[in-house]
Structures are given as structure tokens and as C-alpha cells.
>>> print(open('upload17.csv').read())   # CSV, C-alpha atoms
chain,number,residue,atom,x,y,z
Q,862,ALA,CA,0.0,0.0,0.0
Q,863,THR,CA,1.1,3.5,-0.7
Q,864,THR,CA,1.4,6.2,2.0
Q,865,ARG,CA,0.4,9.8,1.9
Q,866,ASP,CA,4.1,10.7,1.5
Q,867,ASP,CA,4.2,8.4,-1.6
Q,868,ASP,CA,1.2,10.2,-3.1
Q,869,ASP,CA,2.8,13.6,-2.4
Q,870,ASP,CA,6.0,12.4,-4.2
Q,871,PHE,CA,3.9,11.3,-7.2
Q,872,ASP,CA,2.1,14.7,-7.3
Q,873,ASP,CA,5.5,16.5,-7.2
Q,874,PHE,CA,6.8,14.4,-10.0
Q,875,ASP,CA,3.6,15.1,-12.1
Q,876,ASP,CA,4.1,18.8,-11.4
Q,877,ASP,CA,7.7,18.7,-12.5
Q,878,VAL,CA,6.8,16.8,-15.7
Q,879,MET,CA,4.0,19.4,-16.5
Q,880,ARG,CA,6.4,22.3,-15.9
Q,881,GLU,CA,9.0,20.7,-18.2
Q,882,ASN,CA,6.3,20.2,-20.9
Q,883,ASP,CA,5.2,23.8,-20.6
Q,884,ILE,CA,8.8,24.9,-21.0
Q,885,GLU,CA,9.2,22.8,-24.1
Q,886,VAL,CA,6.0,24.1,-25.6
Q,887,ASN,CA,7.1,27.7,-24.9
Q,888,VAL,CA,10.5,27.1,-26.4
Q,889,ASP,CA,9.0,25.5,-29.5
Q,890,ALA,CA,6.5,28.4,-29.9
Q,891,ALA,CA,9.3,30.9,-29.5
Q,892,LEU,CA,11.4,29.2,-32.1
Q,893,ALA,CA,8.5,28.9,-34.5
Q,894,ASN,CA,7.7,32.6,-34.1
Q,895,LEU,CA,11.3,33.5,-34.7
Q,896,ALA,CA,11.5,31.4,-37.8
Q,897,ARG,CA,8.3,33.1,-39.0
Q,898,GLU,CA,9.7,36.6,-38.3
Q,899,ARG,CA,12.8,35.7,-40.2
Q,900,ARG,CA,11.1,34.0,-43.1
Q,901,GLY,CA,11.8,36.9,-45.5
Q,902,GLN,CA,15.5,37.0,-44.5
Q,903,THR,CA,15.9,33.3,-45.0
Q,904,LEU,CA,14.3,33.3,-48.4
Q,905,PHE,CA,16.1,36.4,-49.4
Q,906,GLN,CA,19.5,34.9,-48.6
Q,907,ARG,CA,18.6,31.8,-50.7
Q,908,PHE,CA,17.4,34.1,-53.5
Q,909,MET,CA,20.7,36.1,-53.5
Q,910,GLU,CA,22.8,33.0,-53.4
Q,911,GLU,CA,21.0,31.8,-56.6
Q,912,GLU,CA,21.8,35.2,-58.2
Q,913,GLU,CA,25.4,34.7,-57.4
Q,914,GLU,CA,25.2,31.5,-59.5
Q,915,ASP,CA,24.3,33.7,-62.5
Q,916,ASN,CA,20.7,32.5,-62.7
Q,917,GLU,CA,19.6,34.9,-65.5
Q,918,GLU,CA,15.9,34.8,-64.5
Q,919,ASN,CA,16.6,35.7,-60.9
Q,920,LEU,CA,18.8,38.6,-62.0
Q,921,LYS,CA,15.8,40.1,-63.7
Q,922,ASP,CA,13.3,39.4,-61.0
Q,923,LEU,CA,13.6,42.5,-58.8
Q,924,PHE,CA,10.0,42.2,-57.9
Q,925,HIS,CA,10.5,38.8,-56.3
Q,926,GLY,CA,13.4,40.1,-54.1
Q,927,ALA,CA,11.4,43.2,-53.1
Q,928,CYS,CA,8.5,40.9,-52.0
Q,929,LEU,CA,11.0,39.0,-49.8
Q,930,ILE,CA,12.1,42.3,-48.2
Q,931,ALA,CA,8.5,43.2,-47.6
Q,932,MET,CA,8.1,40.0,-45.6
Q,933,HIS,CA,9.9,41.7,-42.7
Q,934,ARG,CA,6.6,43.5,-42.1
Q,935,ASN,CA,4.3,40.7,-43.4
Q,936,PRO,CA,5.9,37.3,-42.9
Q,937,ASP,CA,2.8,35.6,-44.5
Q,938,LEU,CA,3.2,37.5,-47.8
Q,939,ASP,CA,2.4,35.3,-50.8
Q,940,VAL,CA,4.9,36.2,-53.6
Q,941,ASP,CA,2.9,34.4,-56.2
Q,942,GLU,CA,-0.2,36.3,-55.3
Q,943,MET,CA,1.6,39.6,-55.6
Q,944,LYS,CA,2.8,38.6,-59.1
Q,945,ARG,CA,-0.7,37.6,-60.0
Q,946,ARG,CA,-1.9,41.1,-59.1
Q,947,VAL,CA,0.7,42.7,-61.3
Q,948,ARG,CA,-0.1,40.2,-64.1
Q,949,GLU,CA,-3.7,41.5,-64.0
Q,950,LEU,CA,-2.5,45.0,-64.5
Q,951,ALA,CA,-0.3,43.9,-67.3
Q,952,ASP,CA,-3.2,42.1,-69.0
Q,953,GLU,CA,-5.1,45.4,-68.9
Q,954,VAL,CA,-2.3,47.1,-70.8
Q,955,GLU,CA,-2.1,44.2,-73.3
Q,956,LYS,CA,-5.8,44.7,-74.2
Q,957,GLU,CA,-4.9,48.1,-75.7
Q,958,LEU,CA,-1.8,46.9,-77.6
Q,959,PRO,CA,-1.4,45.0,-80.9
Q,960,ALA,CA,-1.3,41.2,-80.3
Q,961,ASN,CA,1.9,41.0,-82.3
Q,962,ARG,CA,4.7,42.5,-80.1
Q,963,GLU,CA,6.8,43.3,-83.2
Q,964,GLU,CA,4.0,45.8,-84.2
Q,965,ARG,CA,4.2,47.7,-80.9
Q,966,PHE,CA,5.8,51.1,-80.7
Q,967,PRO,CA,7.8,51.3,-77.4
Q,968,LEU,CA,6.9,54.9,-76.6
Q,969,ARG,CA,3.2,54.3,-77.2
Q,970,THR,CA,3.4,51.2,-75.0
Q,971,ILE,CA,5.1,53.2,-72.2
Q,972,LYS,CA,2.3,55.8,-72.4
Q,973,LYS,CA,-0.3,53.1,-72.2
Q,974,ILE,CA,1.3,51.8,-69.0
Q,975,SER,CA,1.5,55.3,-67.5
Q,976,THR,CA,-2.2,55.9,-68.4
Q,977,LEU,CA,-3.3,52.6,-66.7
Q,978,LEU,CA,-1.2,53.2,-63.6
Q,979,PHE,CA,-1.6,56.9,-63.0
Q,980,ASN,CA,-4.6,58.4,-64.9
Q,981,LYS,CA,-7.3,58.7,-62.3
Q,982,GLU,CA,-9.9,59.9,-64.8
Q,983,VAL,CA,-9.4,57.0,-67.3
Q,984,HIS,CA,-8.7,54.3,-64.7
Q,985,PRO,CA,-10.0,55.3,-61.3
Q,986,GLU,CA,-9.9,51.8,-60.0
Q,987,THR,CA,-6.2,51.2,-60.8
Q,988,ALA,CA,-4.7,54.6,-60.4
Q,989,PHE,CA,-1.5,54.7,-58.3
Q,990,ARG,CA,0.1,57.9,-57.0
Q,991,GLY,CA,3.0,59.1,-55.0
Q,992,ASN,CA,2.2,59.4,-51.3
Q,993,LEU,CA,3.0,63.1,-50.7
Q,994,ASP,CA,0.8,63.2,-47.6
Q,995,ASP,CA,2.8,60.5,-45.7
Q,996,TYR,CA,6.0,60.0,-47.6
Q,997,TYR,CA,7.9,58.2,-44.8
Q,998,ALA,CA,5.2,55.6,-44.0
Q,999,ILE,CA,6.7,52.1,-43.9
Q,1000,GLU,CA,3.9,50.9,-46.2
Q,1001,ASN,CA,5.2,53.1,-49.0
Q,1002,SER,CA,8.4,51.0,-49.1
Q,1003,CYS,CA,6.7,47.5,-49.1
Q,1004,VAL,CA,5.5,46.4,-52.4
Q,1005,ASP,CA,2.5,44.3,-51.0
Q,1006,ALA,CA,1.2,47.4,-49.3
Q,1007,VAL,CA,1.7,49.6,-52.4
Q,1008,LEU,CA,-0.3,47.2,-54.5
Q,1009,GLU,CA,-3.1,47.3,-51.8
Q,1010,THR,CA,-3.2,51.0,-51.1
Q,1011,LYS,CA,-1.9,52.2,-54.6
Q,1012,ARG,CA,0.3,54.7,-52.7
Q,1013,GLY,CA,4.1,54.6,-52.7
Q,1014,ILE,CA,7.4,56.3,-53.1
Q,1015,PRO,CA,9.5,56.6,-56.3
Q,1016,ILE,CA,11.3,53.2,-56.0
Q,1017,THR,CA,8.3,51.0,-55.2
Q,1018,LEU,CA,6.0,52.7,-57.8
Q,1019,SER,CA,8.9,52.3,-60.3
Q,1020,LEU,CA,9.2,48.6,-59.4
Q,1021,VAL,CA,5.5,48.0,-60.2
Q,1022,TYR,CA,5.9,49.9,-63.5
Q,1023,MET,CA,9.0,47.9,-64.4
Q,1024,GLU,CA,7.4,44.6,-63.7
Q,1025,ILE,CA,4.4,45.5,-65.9
Q,1026,ALA,CA,6.6,46.8,-68.7
Q,1027,LYS,CA,8.6,43.5,-68.6
Q,1028,MET,CA,5.4,41.5,-68.9
Q,1029,VAL,CA,4.4,43.4,-72.0
Q,1030,GLY,CA,7.8,43.2,-73.6
Q,1031,ILE,CA,9.9,46.3,-72.5
Q,1032,ASP,CA,12.8,45.8,-70.2
Q,1033,MET,CA,13.5,48.8,-68.0
Q,1034,ILE,CA,16.2,49.7,-65.5
Q,1035,GLY,CA,16.4,52.1,-62.5
Q,1036,VAL,CA,18.2,55.4,-62.6
Q,1037,ASN,CA,19.6,56.5,-59.2
Q,1038,LEU,CA,19.4,60.2,-59.2
Q,1039,PRO,CA,20.2,62.5,-56.2
Q,1040,GLY,CA,17.2,62.5,-54.0
Q,1041,HIS,CA,15.0,60.8,-56.6
Q,1042,PHE,CA,14.5,57.5,-58.5
Q,1043,MET,CA,13.4,57.1,-62.1
Q,1044,ILE,CA,13.4,54.4,-64.7
Q,1045,ARG,CA,14.1,54.1,-68.4
Q,1046,PRO,CA,13.8,51.6,-71.2
Q,1047,CYS,CA,17.0,49.7,-71.8
Q,1048,ASN,CA,16.3,47.7,-74.9
Q,1049,VAL,CA,14.9,50.5,-77.1
Q,1050,PRO,CA,17.4,52.1,-79.5
Q,1051,ASP,CA,17.6,55.9,-79.5
Q,1052,CYS,CA,14.9,56.2,-76.8
Q,1053,GLU,CA,16.6,58.6,-74.3
Q,1054,ILE,CA,13.7,59.1,-71.9
Q,1055,LEU,CA,13.0,58.8,-68.2
Q,1056,ILE,CA,9.8,57.9,-66.5
Q,1057,ASP,CA,9.0,59.6,-63.2
Q,1058,CYS,CA,6.6,57.2,-61.5
Q,1059,PHE,CA,6.3,59.4,-58.4
Q,1060,HIS,CA,4.8,62.2,-60.5
Q,1061,ASP,CA,2.1,60.3,-62.4
Q,1062,GLY,CA,4.4,58.4,-64.7
Q,1063,ASP,CA,5.6,61.5,-66.5
Q,1064,VAL,CA,7.8,60.8,-69.6
Q,1065,LEU,CA,10.8,63.1,-69.5
Q,1066,PHE,CA,13.8,63.9,-71.5
Q,1067,VAL,CA,17.1,64.2,-69.6
Q,1068,GLU,CA,16.8,68.0,-69.8
Q,1069,ASP,CA,13.4,67.9,-68.3
Q,1070,ALA,CA,14.7,65.7,-65.4
Q,1071,GLU,CA,17.5,68.2,-64.8
Q,1072,GLU,CA,15.0,71.1,-64.6
Q,1073,MET,CA,12.7,69.1,-62.3
Q,1074,LEU,CA,15.6,68.2,-59.9
Q,1075,SER,CA,16.9,71.8,-60.0
Q,1076,LYS,CA,13.5,73.0,-58.7
Q,1077,LEU,CA,13.4,70.2,-56.2
Q,1078,TYR,CA,16.7,71.4,-54.7
Q,1079,LYS,CA,15.6,75.1,-55.0
Q,1080,LEU,CA,18.6,76.1,-57.1
Q,1081,ASP,CA,18.7,79.6,-58.6
Q,1082,THR,CA,18.6,78.8,-62.3
Q,1083,ALA,CA,18.8,82.5,-63.1
Q,1084,LYS,CA,22.3,82.4,-61.7
Q,1085,GLY,CA,23.2,79.4,-63.7
Q,1086,GLU,CA,22.7,76.9,-60.8
Q,1087,LYS,CA,21.3,73.6,-62.0
Q,1088,VAL,CA,21.5,69.9,-61.6
Q,1089,THR,CA,23.5,68.2,-64.4
Q,1090,ILE,CA,22.9,64.5,-65.0
Q,1091,ASP,CA,25.8,62.5,-66.4
Q,1092,ARG,CA,24.6,61.1,-69.7
Q,1093,SER,CA,26.8,58.1,-69.5
Q,1094,PHE,CA,24.0,56.3,-67.6
Q,1095,LEU,CA,22.2,56.0,-70.9
Q,1096,GLU,CA,24.9,53.5,-72.0
Q,1097,ASP,CA,24.3,51.3,-69.0
Q,1098,LYS,CA,22.2,48.2,-69.8
Q,1099,ASP,CA,22.6,46.3,-66.6
Q,1100,LEU,CA,19.9,46.0,-64.0
Q,1101,LYS,CA,22.1,46.0,-60.9
Q,1102,PRO,CA,19.8,44.2,-58.4
Q,1103,LYS,CA,22.1,44.7,-55.4
Q,1104,THR,CA,22.1,48.5,-56.0
Q,1105,PHE,CA,18.3,48.5,-56.3
Q,1106,TYR,CA,17.8,46.5,-53.1
Q,1107,THR,CA,20.4,48.7,-51.3
Q,1108,ARG,CA,18.4,51.8,-52.1
Q,1109,MET,CA,15.2,50.2,-50.9
Q,1110,LEU,CA,16.8,48.9,-47.7
Q,1111,THR,CA,18.5,52.2,-47.0
Q,1112,ASN,CA,15.1,53.9,-47.2
Q,1113,LEU,CA,13.6,51.5,-44.7
Q,1114,LYS,CA,16.6,51.5,-42.4
Q,1115,SER,CA,16.5,55.3,-42.2
Q,1116,ILE,CA,12.7,55.3,-41.4
Q,1117,TYR,CA,13.1,52.8,-38.7
Q,1118,PHE,CA,16.0,54.6,-37.1
Q,1119,ASN,CA,14.0,57.8,-37.1
Q,1120,LYS,CA,11.1,56.0,-35.4
Q,1121,SER,CA,13.6,54.5,-32.8
Q,1122,ASP,CA,12.5,51.1,-34.0
Q,1123,TYR,CA,16.0,49.6,-33.8
Q,1124,ARG,CA,14.8,46.0,-34.0
Q,1125,ASN,CA,13.4,46.5,-37.5
Q,1126,ALA,CA,16.4,48.8,-38.4
Q,1127,LEU,CA,18.6,45.8,-37.5
Q,1128,ALA,CA,16.5,43.5,-39.7
Q,1129,MET,CA,17.2,45.9,-42.6
Q,1130,CYS,CA,20.9,45.6,-41.8
Q,1131,GLU,CA,20.6,41.8,-41.9
Q,1132,TYR,CA,19.0,42.0,-45.4
Q,1133,GLN,CA,21.8,44.4,-46.5
Q,1134,LYS,CA,24.5,41.9,-45.5
Q,1135,MET,CA,23.2,39.6,-48.2
Q,1136,CYS,CA,23.2,42.1,-51.0
Q,1137,ALA,CA,25.9,44.8,-50.4
Q,1138,PRO,CA,27.0,45.9,-53.9
Q,1139,ASP,CA,30.5,46.9,-52.8
Q,1140,PRO,CA,32.8,46.7,-49.7
Q,1141,SER,CA,32.1,50.3,-48.6
Q,1142,ILE,CA,28.3,49.5,-48.3
Q,1143,LYS,CA,29.2,46.3,-46.4
Q,1144,ALA,CA,31.4,48.3,-44.0
Q,1145,PHE,CA,28.9,51.1,-43.3
Q,1146,ASN,CA,26.1,48.5,-42.9
Q,1147,ALA,CA,28.2,46.8,-40.2
Q,1148,ARG,CA,28.5,50.2,-38.4
Q,1149,ASP,CA,24.7,50.6,-38.5
Q,1150,ALA,CA,24.1,47.0,-37.3
Q,1151,GLY,CA,26.5,47.6,-34.4
Q,1152,MET,CA,24.7,50.7,-33.4
Q,1153,CYS,CA,21.4,48.9,-33.5
Q,1154,HIS,CA,22.8,46.0,-31.4
Q,1155,PHE,CA,24.1,48.5,-28.8
Q,1156,LEU,CA,20.7,50.3,-28.6
Q,1157,LEU,CA,19.0,46.9,-28.2
Q,1158,GLU,CA,21.6,46.0,-25.5
Q,1159,ASN,CA,23.1,43.2,-27.5
Q,1160,TYR,CA,26.6,44.3,-26.5
Q,1161,SER,CA,28.5,41.3,-27.7
Q,1162,ASP,CA,27.1,41.6,-31.2
Q,1163,ALA,CA,27.6,45.4,-31.1
Q,1164,MET,CA,31.3,44.9,-30.4
Q,1165,LEU,CA,31.6,42.5,-33.3
Q,1166,ASP,CA,29.9,44.7,-35.9
Q,1167,LEU,CA,31.5,47.9,-34.7
Q,1168,THR,CA,35.0,46.3,-34.8
Q,1169,GLU,CA,34.3,45.1,-38.3
Q,1170,TYR,CA,33.6,48.7,-39.3
Q,1171,LEU,CA,36.6,50.1,-37.4
Q,1172,ASP,CA,38.9,47.5,-39.0
Q,1173,SER,CA,37.8,48.4,-42.5
Q,1174,GLU,CA,39.6,51.0,-44.6
Q,1175,TYR,CA,36.4,53.0,-44.9
Q,1176,SER,CA,36.3,54.0,-41.3
Q,1177,ASN,CA,39.6,55.7,-41.8
Q,1178,ASN,CA,38.0,57.7,-44.6
Q,1179,SER,CA,35.3,58.9,-42.3
Q,1180,SER,CA,35.5,62.1,-40.3
Q,1181,ALA,CA,37.6,62.1,-37.1
Q,1182,GLU,CA,34.4,62.9,-35.2
Q,1183,ASP,CA,32.5,59.9,-36.6
Q,1184,ARG,CA,35.3,57.5,-36.0
Q,1185,ALA,CA,35.7,58.7,-32.4
Q,1186,ARG,CA,32.0,58.3,-31.8
Q,1187,ILE,CA,32.1,54.7,-33.0
Q,1188,LEU,CA,35.2,53.9,-30.9
Q,1189,ASP,CA,33.5,55.3,-27.8
Q,1190,LEU,CA,30.4,53.2,-28.6
Q,1191,ARG,CA,32.4,50.1,-28.8
Q,1192,GLU,CA,34.2,50.9,-25.5
Q,1193,GLN,CA,30.8,51.4,-23.8
Q,1194,ALA,CA,29.7,48.0,-25.1
Q,1195,ARG,CA,32.9,46.4,-23.8
Q,1196,LEU,CA,32.4,48.0,-20.3
Q,1197,ARG,CA,28.8,46.9,-20.1
Q,1198,LEU,CA,29.7,43.4,-21.0
Q,1199,ALA,CA,32.2,43.4,-18.1
Q,1200,LEU,CA,29.6,44.3,-15.5
>>> encode(input="upload17.csv", output="C-alpha cells")
Amino acid sequence: ATTRDDDDDFDDFDDDVMRENDIEVNVDAALANLARERRGQTLFQRFMEEEEEDNEENLKDLFHGACLIAMHRNPDLDVDEMKRRVRELADEVEKELPANREERFPLRTIKKISTLLFNKEVHPETAFRGNLDDYYAIENSCVDAVLETKRGIPITLSLVYMEIAKMVGIDMIGVNLPGHFMIRPCNVPDCEILIDCFHDGDVLFVEDAEEMLSKLYKLDTAKGEKVTIDRSFLEDKDLKPKTFYTRMLTNLKSIYFNKSDYRNALAMCEYQKMCAPDPSIKAFNARDAGMCHFLLENYSDAMLDLTEYLDSEYSNNSSAEDRARILDLREQARLRLAL
């Protein structure tokens, strides 16, 4: 026969087993949630690794990569569904074009895309526009939200335009201008135009873009002050995905920093590690990641990233003030680890 003490022992054992099970469940749930949160980063890393293997289709699929970046905000994003929505828009353009692609005039096709995407009077149900009212909203930089709200910033609106153009037979590439982003056709001979997707898909000549940017920067054109665009970019036929993603990630990182959302700013740094187009971007991204880690009290990781930056040749090219600030931040991280 068992005694009361024996029963108490069994009860204690059952309680211990239940507590262990609860801990295992909590750990499993936490790991599952972490994997979900990092789903976009995981898929983006795989995507970029495939690009490094010179997969030609991936190199052209900027839209796919942008969807993976948008997963940091929406881990359940369905990339195929996003592509289907863009395909629907491209189908609307196709309806107004000759069935035989060889009979299509590139400039006329471009104007058809601009009309579909931006003409509120002709296509009120599909009209996109630049979000002047809330330019720095996170949603403006996430392509899934842009397709939903039809509001965006230059780079995301340009991305939607480029994807539609590709589907109807015109390859386009981005043009990184100071403080602005435009696109241009790259497989159309003697077609030296730019499309400004933030301003209703306006088709501009380079001179028009220079005038627009001069006004944007409030230059005194009467005194001969003006923005001059180097025409050599017209000879560039390469898409440069890493440069495109870097501009998109830099926008997001800056917004999150300004919102003191260092966790998401760090996530942008993690994405950037996978697509830095050159060593200088890689070094400055390590600096930014180190600052995020410090502000999140991850002092060990902060020291690693800040040291990577300080050991690079690019930190020596920074101002003495900037380098001293990063050195001090690393020392603070070291002291706090020692506590």
C-alpha cells in the first residue's frame, strides 16, 4: 500500500513533468515565431545565393526580391499572389496593344502603362500615386502594401511599373538620381527618356529631369545653378539588383532609425549583409548594425559589428568625429559586458 508521502511524491513528480512540458512548448513556440519573423530574410538569402550562381531569370526578378524584403513586415506574404496582381494590371495594358509584339511602338506602350497606372480619370480603379501626404510611412516601401493602397514612393512605384513593362515586352532599369529615383527603357534604341513614377508616370527627356531636380533642390537657375545629369548612364544596360535593393533597404533603415524602431532597423541591416553591392556599403552597414545592437543592449554583437567597421579601410576615410564616436560606442559596449 502507498502512503500519503508516496502520493505527495507522485504529485510533485507530475508537477515537474508538466512544468518541463510547458517549458518545451514555450521554447517550441518561440522558435516557431522567430522562424516566421525571419522567413523573409531566410528566403532572401537563398534568392541572392541563386543570383550569385548567375541565374539569369533571378537577376531580372527585382519584384521577387522586393517581396521578400516586404516579408519583414508581413511574414505571411504570398509572392505568387503579388505577381498575379501585377499580371492582372499587365493584362489590362495588353488589351490596348497590338497582339503581335513586333508591331508595338515602345513609346506608345510606355504611355499606355502610364495611363493605366496613374490616370485617375481614365482608370480610377487602378490609379496609383506618390504618397506626398505620408511619404515616410513604412507601407510606401513595401510592395505588397503599395499594391493594396496604390500609394508609394519613387522606388516602389517604379518597381510595379518595371514589372508590368517587362510583362508586355519592354525591359526597364532604374536610374539612381540624387534624392529621386526614375526608370528608363534599356532595350529600345535611341529612346533617351526617363519615367518619373512618383509624378504620375511623366515621360521626361534628360533635360526635363535636370530642370525638375533643380526645382526640387531650389537652385537659382537665373544664376546658372542647375542639376546636371551625367549622360553616361544611358549607355548602361545592366539591371544591378544589389544596388536596387540597397536603395530600398536604406530607405527602410532610415525610417526605422527615425522611429527609434531599432529591431526593424537591424532587420534591414541583416538583409543588407546579403546584397551589399561593394565593400564600402558592407562596412557602413556593419556600423549601422553595431549601433542597433548597442541600442538593443546586445553588447557582444555590437562589439563584433563595430569592430568590423573600425577595422575596415572605410572607417579611416570617415570624419575624425564619426570614428571617435564609434570607438566610444564600442568601448561602452565592452564596459557593459564586463559588468
>>> atom_distance(input="upload17.csv", atom1="CA of Met1164 in chain Q", atom2="CA of Asn1112 in chain Q")
25.0 Å
>>> closest_residue(input="upload17.csv", among="Q:Met1028, Q:Ile930, Q:Ala988, Q:Leu1196", to="Arg962 in chain Q", atoms="all atoms listed in the file")
Q:Met1028
>>> atom_distance(input="upload17.csv", atom1="CA of Asp995 in chain Q", atom2="CA of Arg1108 in chain Q")
19.0 Å
>>> closest_residue(input="upload17.csv", among="Q:Pro936, Q:Gly1151, Q:Gly1030, Q:Pro1015", to="Glu955 in chain Q", atoms="only C-alpha atoms")
Q:Gly1030
>>> residues_around(input="upload17.csv", residues="Asp1139 in chain Q", least_positions_apart="3", cutoff="10 Å", atoms="all atoms listed in the file", output="ChimeraX atom specification")
/Q:1103-1104,1136,1142-1144
>>> closest_residue(input="upload17.csv", among="Q:Tyr1132, Q:Asp1189, Q:Val940, Q:Asp1122", to="Arg907 in chain Q", atoms="only C-alpha atoms")
Q:Tyr1132
>>> atom_distance(input="upload17.csv", atom1="CA of Leu938 in chain Q", atom2="CA of His1041 in chain Q")
27.6 Å
>>> closest_residue(input="upload17.csv", among="Q:Ala1194, Q:Met943, Q:Met909, Q:Leu950", to="Thr987 in chain Q", atoms="all atoms listed in the file")
Q:Leu950
>>> residues_around(input="upload17.csv", residues="Asn980 in chain Q", least_positions_apart="6", cutoff="12 Å", atoms="all atoms listed in the file", output="list in words")
Lys972, Lys973, Ile974, Glu986, Thr987, Ala988, Phe989, Arg990, Cys1058, His1060, Asp1061, Gly1062 and Asp1063 of chain Q
>>> closest_residue(input="upload17.csv", among="Q:Arg934, Q:Arg1092, Q:Lys1011, Q:Arg897", to="Ile1054 in chain Q", atoms="all atoms listed in the file")
Q:Arg1092
>>> residues_around(input="upload17.csv", residues="Glu942 in chain Q", least_positions_apart="6", cutoff="12 Å", atoms="all atoms listed in the file", output="ChimeraX atom specification")
/Q:925,928,948-949,1004-1005,1008-1009
>>> closest_atom_pairs(input="upload17.csv", of="range 957-1016 of chain Q", to="range 1031-1040 of chain Q", cutoff="9 Å", atoms="only C-alpha atoms", output="tab-separated table")
residue	atom	partner	partner_atom	distance
Q:Pro967	CA	Q:Ile1031	CA	7.3
Q:Thr970	CA	Q:Ile1031	CA	8.5
Q:Ile971	CA	Q:Ile1031	CA	8.4
Q:Ile1016	CA	Q:Gly1035	CA	8.3
>>> residues_around(input="upload17.csv", residues="Ala951 in chain Q", least_positions_apart="4", cutoff="10 Å", atoms="only C-alpha atoms", output="MDAnalysis selection string")
chainID Q and resid 945:947 955:956 974 977 1022 1024:1029
>>> build_atoms(input="upload17.csv", residues="range 1163-1170 of chain Q", atoms="all heavy atoms", output="PDB file, in the coordinates of the input")
ATOM      1  N   ALA Q1163      27.195  43.968 -30.750  1.00  0.00           N
ATOM      2  CA  ALA Q1163      27.600  45.400 -31.100  1.00  0.00           C
ATOM      3  C   ALA Q1163      29.080  45.472 -31.231  1.00  0.00           C
ATOM      4  O   ALA Q1163      29.567  46.104 -32.175  1.00  0.00           O
ATOM      5  CB  ALA Q1163      27.085  46.289 -29.959  1.00  0.00           C
ATOM      6  N   MET Q1164      29.826  44.848 -30.324  1.00  0.00           N
ATOM      7  CA  MET Q1164      31.300  44.900 -30.400  1.00  0.00           C
ATOM      8  C   MET Q1164      31.795  44.269 -31.700  1.00  0.00           C
ATOM      9  O   MET Q1164      32.695  44.803 -32.356  1.00  0.00           O
ATOM     10  CB  MET Q1164      31.921  44.223 -29.197  1.00  0.00           C
ATOM     11  CG  MET Q1164      31.855  45.041 -27.917  1.00  0.00           C
ATOM     12  SD  MET Q1164      32.910  44.350 -26.644  1.00  0.00           S
ATOM     13  CE  MET Q1164      34.541  44.568 -27.368  1.00  0.00           C
ATOM     14  N   LEU Q1165      31.211  43.156 -32.080  1.00  0.00           N
ATOM     15  CA  LEU Q1165      31.600  42.500 -33.300  1.00  0.00           C
ATOM     16  C   LEU Q1165      31.439  43.327 -34.538  1.00  0.00           C
ATOM     17  O   LEU Q1165      32.342  43.486 -35.371  1.00  0.00           O
ATOM     18  CB  LEU Q1165      30.893  41.139 -33.445  1.00  0.00           C
ATOM     19  CG  LEU Q1165      31.263  40.017 -32.468  1.00  0.00           C
ATOM     20  CD1 LEU Q1165      30.295  38.855 -32.613  1.00  0.00           C
ATOM     21  CD2 LEU Q1165      32.693  39.553 -32.717  1.00  0.00           C
ATOM     22  N   ASP Q1166      30.239  43.901 -34.670  1.00  0.00           N
ATOM     23  CA  ASP Q1166      29.900  44.700 -35.900  1.00  0.00           C
ATOM     24  C   ASP Q1166      30.703  46.014 -35.881  1.00  0.00           C
ATOM     25  O   ASP Q1166      31.194  46.436 -36.936  1.00  0.00           O
ATOM     26  CB  ASP Q1166      28.426  44.961 -35.943  1.00  0.00           C
ATOM     27  CG  ASP Q1166      27.650  43.752 -36.438  1.00  0.00           C
ATOM     28  OD1 ASP Q1166      28.189  43.000 -37.272  1.00  0.00           O
ATOM     29  OD2 ASP Q1166      26.500  43.547 -36.009  1.00  0.00           O
ATOM     30  N   LEU Q1167      30.811  46.664 -34.721  1.00  0.00           N
ATOM     31  CA  LEU Q1167      31.500  47.900 -34.700  1.00  0.00           C
ATOM     32  C   LEU Q1167      33.024  47.716 -34.955  1.00  0.00           C
ATOM     33  O   LEU Q1167      33.670  48.544 -35.616  1.00  0.00           O
ATOM     34  CB  LEU Q1167      31.339  48.604 -33.317  1.00  0.00           C
ATOM     35  CG  LEU Q1167      29.901  49.072 -33.022  1.00  0.00           C
ATOM     36  CD1 LEU Q1167      29.799  49.609 -31.604  1.00  0.00           C
ATOM     37  CD2 LEU Q1167      29.439  50.118 -34.026  1.00  0.00           C
ATOM     38  N   THR Q1168      33.557  46.592 -34.492  1.00  0.00           N
ATOM     39  CA  THR Q1168      35.000  46.300 -34.800  1.00  0.00           C
ATOM     40  C   THR Q1168      35.170  46.004 -36.255  1.00  0.00           C
ATOM     41  O   THR Q1168      36.181  46.425 -36.838  1.00  0.00           O
ATOM     42  CB  THR Q1168      35.414  45.051 -33.940  1.00  0.00           C
ATOM     43  OG1 THR Q1168      35.313  45.379 -32.542  1.00  0.00           O
ATOM     44  CG2 THR Q1168      36.853  44.670 -34.262  1.00  0.00           C
ATOM     45  N   GLU Q1169      34.210  45.321 -36.877  1.00  0.00           N
ATOM     46  CA  GLU Q1169      34.300  45.100 -38.300  1.00  0.00           C
ATOM     47  C   GLU Q1169      34.392  46.399 -39.080  1.00  0.00           C
ATOM     48  O   GLU Q1169      35.195  46.555 -40.007  1.00  0.00           O
ATOM     49  CB  GLU Q1169      33.103  44.265 -38.808  1.00  0.00           C
ATOM     50  CG  GLU Q1169      33.117  44.001 -40.314  1.00  0.00           C
ATOM     51  CD  GLU Q1169      31.894  43.251 -40.816  1.00  0.00           C
ATOM     52  OE1 GLU Q1169      31.213  42.598 -39.998  1.00  0.00           O
ATOM     53  OE2 GLU Q1169      31.621  43.342 -42.034  1.00  0.00           O
ATOM     54  N   TYR Q1170      33.575  47.348 -38.672  1.00  0.00           N
ATOM     55  CA  TYR Q1170      33.600  48.700 -39.300  1.00  0.00           C
ATOM     56  C   TYR Q1170      34.930  49.375 -39.064  1.00  0.00           C
ATOM     57  O   TYR Q1170      35.562  49.886 -39.994  1.00  0.00           O
ATOM     58  CB  TYR Q1170      32.437  49.510 -38.835  1.00  0.00           C
ATOM     59  CG  TYR Q1170      32.564  50.962 -39.232  1.00  0.00           C
ATOM     60  CD1 TYR Q1170      32.434  51.344 -40.564  1.00  0.00           C
ATOM     61  CD2 TYR Q1170      32.830  51.943 -38.279  1.00  0.00           C
ATOM     62  CE1 TYR Q1170      32.572  52.681 -40.940  1.00  0.00           C
ATOM     63  CE2 TYR Q1170      32.967  53.276 -38.649  1.00  0.00           C
ATOM     64  CZ  TYR Q1170      32.832  53.637 -39.983  1.00  0.00           C
ATOM     65  OH  TYR Q1170      32.984  54.957 -40.347  1.00  0.00           O
TER      66      TYR Q1170
END
